[in-house]
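Below: one structure, written as structure tokens.
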Amino acid sequence: MAGAVIALTVTAGSGSAQPPEPATGPLPVPFDLGAGILPAGLFPAQAPPGANDWNCKPSAEHPNPVVLSNSTSTTQAIAWQAGAPYLKNNGYCVFTFNYGNMAWLPGQIPLQALGDIRASGRELAAMVDRVLAATGAEKVDIVGHSQGGGIMALYYLNVLGGAAKVDKMVGISPSNHGTTLSTIAYLRSFIPPVGWWIYDGLGDIAPALTQQAIGDDLSREVYGNGDTRPGVTYTTLVTKYDQIVTPYEQQYLSGENVTNITLQDGCPVDQSEHLATMYSERVWLFVLNALSPDTATPVPCFPVSPYFPGVR
């Protein structure tokens with residue numbers, strides 16, 4: 001359905017229901033942003049539980065391995081402490097990686113995904129190729145948050161030809177089409193020429209920050225010939241309380257095989273903002289539906305708190 005904004009909610013009106021029990025399985029699933037803080041600081045290069053079993057072979061029910069692509073300034077360690085074990089418990093082969101280490105810093109520090117997005121897209125391409133070779137699968141599904149589910153992933157699909165190797169693209173709070181960063185991006189022209197000097201200096205240090213700003217040339221390169229590519233099914237999961245990728249409507253994609261989901265449609269008690277969507281149980285229920293539409297089940301409405309999605 002081209003350009004549709006579809007809310008896959010199931011509870012009527014503004015009422016709420018109790019969340020379902022987490023998926024059964026051997027791995028605990030912490031729907032708590034705090035679960036990523038310690039791993040992020042101490043072990044930024046360590047894959048989260050459930051990820052990077054290079055002997056994993058996809059099942060007939062879930063033939064596509066899932067590559068998780070984290071957001072700006074985060075790592076696989078902080079982003080996927082809930083998502084990786086949740087998908088693993090549900091029968092998926094799950095893979096995570098770090099990308100976008102700033103060229104002027106050695107090794108993998110706790111701040112990643114700040115380097116040039118074009119180079120990061122090539123890192124995603126290499127990761128996808130490695131996953132396909134290890135699993136024997138024909139295609140992967142990509143689930144990403146912010147940059148990892150938006151402009152970086154779409155650079156891989158749209159510019160580097162990655163669409164031929166991707167079946168489903170799921171963007172959680174994706175940084176599509178450029179962001180005003182709650183109008184902070186406009187400070188570059190507020191006090192000329194100082195604003196531009198600061199802005200350009202920031203781009204030299206951490207290119208991914210300015211490349212995601214509204215009006216950057218990279219957005220025209222990625223989306224200039226259309227948001228989507230044939231053969232890929234796209235899902236975006238968007239919160240109207242997003243304070244990072246703003247205005248939040250920028251996150252929606254237009255094109256064939258696109259489903260845009262606004263988390264608050266039919267569920268006003270979901271108050272998740274940009275960070276909370278990484279750890280929101282409702283988000284991961286929607287992700288499961290996007291990855292396996294033939295077995296999709298209604299997603300109930302229940303309260304989700306900003307910043308601390310597991311607190312009710």
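Following the order of the structure tokens, chains are lettered A, B, ..., residues in each are numbered from 1, and ligands are numbered from 1.
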
Q: Find the spatial neighbours of Val166 (chain A), counting only C-alpha atoms, within a cut-off of 8 Å - ignore same-chain residues fewer than 5 positions away - and output them as number ranges by chain.
A: A: 139-142, 157, 232

(Q) When you look at Ala47 (chain A) with a cut-off of 12 Å (counting only C-alpha atoms), what residues show up, excluding the ones that are within fewer than 5 positions of it in the same chain? I need them as a ChimeraX atom specification. (A) /A:36,39-40,52-54,68-70,75-85,94-98

Q: Mind the document's chain letters and residue numbers, and return as a VMD selection string the residues of region 200-292 of chain A that DSSP labels alpha helix (DSSP H).
A: chain A and resid 200 to 205 207 to 211 217 to 223 281 to 291

Q.
Report as a ChimeraX atom specification all protein, DNA and RNA residues lying within 9 Å of Ile172 (chain A), evaluated on only C-alpha atoms, omitting residues in the same chain fewer than 4 positions from it.
A. /A:143-146,148-150,235-238,274,277-278,283,287

Expected file contents, prior selection, C-alpha atoms, as a PDB file, in the first residue's frame:
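So part24.pdb came out as:
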```pdb
ATOM      1  CA  VAL A 143      15.842  -4.439  12.124  1.00  0.00           C
ATOM      2  CA  GLY A 144      17.414  -1.119  13.036  1.00  0.00           C
ATOM      3  CA  HIS A 145      16.926   1.762  15.425  1.00  0.00           C
ATOM      4  CA  SER A 146      17.282   5.425  14.455  1.00  0.00           C
ATOM      5  CA  GLY A 148      20.525   1.946  11.928  1.00  0.00           C
ATOM      6  CA  GLY A 149      16.900   1.635  10.860  1.00  0.00           C
ATOM      7  CA  GLY A 150      16.834   4.787   8.789  1.00  0.00           C
ATOM      8  CA  THR A 235       7.868  -1.394   8.242  1.00  0.00           C
ATOM      9  CA  THR A 236       8.446   1.764  10.254  1.00  0.00           C
ATOM     10  CA  LEU A 237       7.610   1.997  13.970  1.00  0.00           C
ATOM     11  CA  VAL A 238       7.203   5.638  14.943  1.00  0.00           C
ATOM     12  CA  HIS A 274      13.137   7.901  20.945  1.00  0.00           C
ATOM     13  CA  THR A 277      11.512   2.354  21.604  1.00  0.00           C
ATOM     14  CA  MET A 278      14.669   0.236  21.776  1.00  0.00           C
ATOM     15  CA  VAL A 283       7.671  -2.327  19.738  1.00  0.00           C
ATOM     16  CA  VAL A 287       8.660  -6.319  15.091  1.00  0.00           C
TER      17      VAL A 287
END
```

**Q.** One-decimal distance in Å that lies between CA of Met169 (chain A) and CA of Gln112 (chain A)
**A.** 21.5 Å

Q. In terms of the shortest atom-to-atom distance over only C-alpha atoms, which of A:Asn257, A:Thr72, A:Ser219, A:Gln212 is closest to Lys168 (chain A)?
A.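 Answer, going by the shortest atom-to-atom distance: A:Asn257.
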
Q: Take CA of Asn260 (chain A) and CA of Val170 (chain A) and report the distance between them in Å, one decimal.
A: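 These atoms are spaced 10.0 Å apart.
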
Using only C-alpha atoms, tabulate the residues of region 149-260 of chain A lying at most 12 Å from any atom of region 301-306 of chain A, each with its closest atom pair and that distance in Å to one decimal, by chain and increasing residue number, as a Markdown table.
```
| residue | atom | partner | partner_atom | distance |
| --- | --- | --- | --- | --- |
| A:Thr239 | CA | A:Pro306 | CA | 10.6 |
| A:Lys240 | CA | A:Pro306 | CA | 11.7 |
| A:Tyr241 | CA | A:Pro306 | CA | 8.7 |
| A:Asp242 | CA | A:Pro306 | CA | 9.8 |
| A:Gln243 | CA | A:Pro306 | CA | 10.9 |
```

Mind dumping the selected residues with N, CA, C and O atoms as an mmCIF file, in the first residue's frame?
```cif
data_model
loop_
_atom_site.group_PDB
_atom_site.id
_atom_site.type_symbol
_atom_site.label_atom_id
_atom_site.label_comp_id
_atom_site.auth_asym_id
_atom_site.auth_seq_id
_atom_site.Cartn_x
_atom_site.Cartn_y
_atom_site.Cartn_z
ATOM 1 N N THR A 239 7.070 6.838 17.058
ATOM 2 C CA THR A 239 6.363 7.450 18.173
ATOM 3 C C THR A 239 6.247 8.948 17.954
ATOM 4 O O THR A 239 7.217 9.612 17.561
ATOM 5 N N LYS A 240 5.075 9.471 18.238
ATOM 6 C CA LYS A 240 4.877 10.917 18.054
ATOM 7 C C LYS A 240 5.594 11.717 19.131
ATOM 8 O O LYS A 240 5.688 12.941 19.036
ATOM 9 N N TYR A 241 6.119 11.044 20.150
ATOM 10 C CA TYR A 241 6.868 11.723 21.212
ATOM 11 C C TYR A 241 8.376 11.705 20.950
ATOM 12 O O TYR A 241 9.161 12.043 21.835
ATOM 13 N N ASP A 242 8.772 11.334 19.752
ATOM 14 C CA ASP A 242 10.195 11.312 19.422
ATOM 15 C C ASP A 242 10.772 12.721 19.537
ATOM 16 O O ASP A 242 10.255 13.664 18.946
ATOM 17 N N GLN A 243 11.837 12.851 20.296
ATOM 18 C CA GLN A 243 12.469 14.141 20.480
ATOM 19 C C GLN A 243 13.782 14.265 19.717
ATOM 20 O O GLN A 243 14.422 15.322 19.740
#
```

Q | Residue nearest Ala51 (chain A) - candidates A:Pro65, A:Gly121, A:Gly34, A:Pro174, atoms counted: only C-alpha atoms | A |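 That would be A:Pro65, the residue with the smallest distance to Ala51 (chain A).
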
Q: Based on DSSP run over this structure's backbone, return all residues of region 21-95 of chain A in strand (DSSP E), as an NGL selection string.
A: :A and (66-69 or 94-95)

Can I get the selected residues back with N, CA and C atoms, as a CSV table (one decimal), in the first residue's frame?
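File again_29.csv, as written:
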```
chain,number,residue,atom,x,y,z
A,66,VAL,N,18.3,-12.4,11.1
A,66,VAL,CA,18.0,-11.0,11.4
A,66,VAL,C,19.3,-10.3,11.7
A,67,VAL,N,19.6,-9.2,11.1
A,67,VAL,CA,20.7,-8.4,11.4
A,67,VAL,C,20.1,-7.1,12.1
A,68,LEU,N,20.6,-6.9,13.3
A,68,LEU,CA,20.2,-5.8,14.1
A,68,LEU,C,21.2,-4.6,14.0
A,69,SER,N,20.8,-3.5,13.7
A,69,SER,CA,21.6,-2.3,13.3
A,69,SER,C,21.3,-1.2,14.3
A,94,VAL,N,20.0,-14.5,15.1
A,94,VAL,CA,20.2,-13.0,15.3
A,94,VAL,C,21.7,-12.6,15.3
A,95,PHE,N,21.9,-11.5,14.6
A,95,PHE,CA,23.3,-11.1,14.5
A,95,PHE,C,23.4,-9.5,14.7
```

Q) Which one of A:Asn158, A:Thr135, A:Gln147, A:Thr74 sits closest to Gly231 (chain A) if you count only C-alpha atoms? A) A:Asn158

(Q) Please list as a list in words every residue within 9 Å of Pro63 (chain A), counting only C-alpha atoms and excluding residues in the same chain fewer than 5 positions away. (A)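 After dropping sequence-adjacent residues, the list is Lys57, Pro58, Tyr92, Cys93, Ala137, Glu138, Lys139 and Val140 of chain A.
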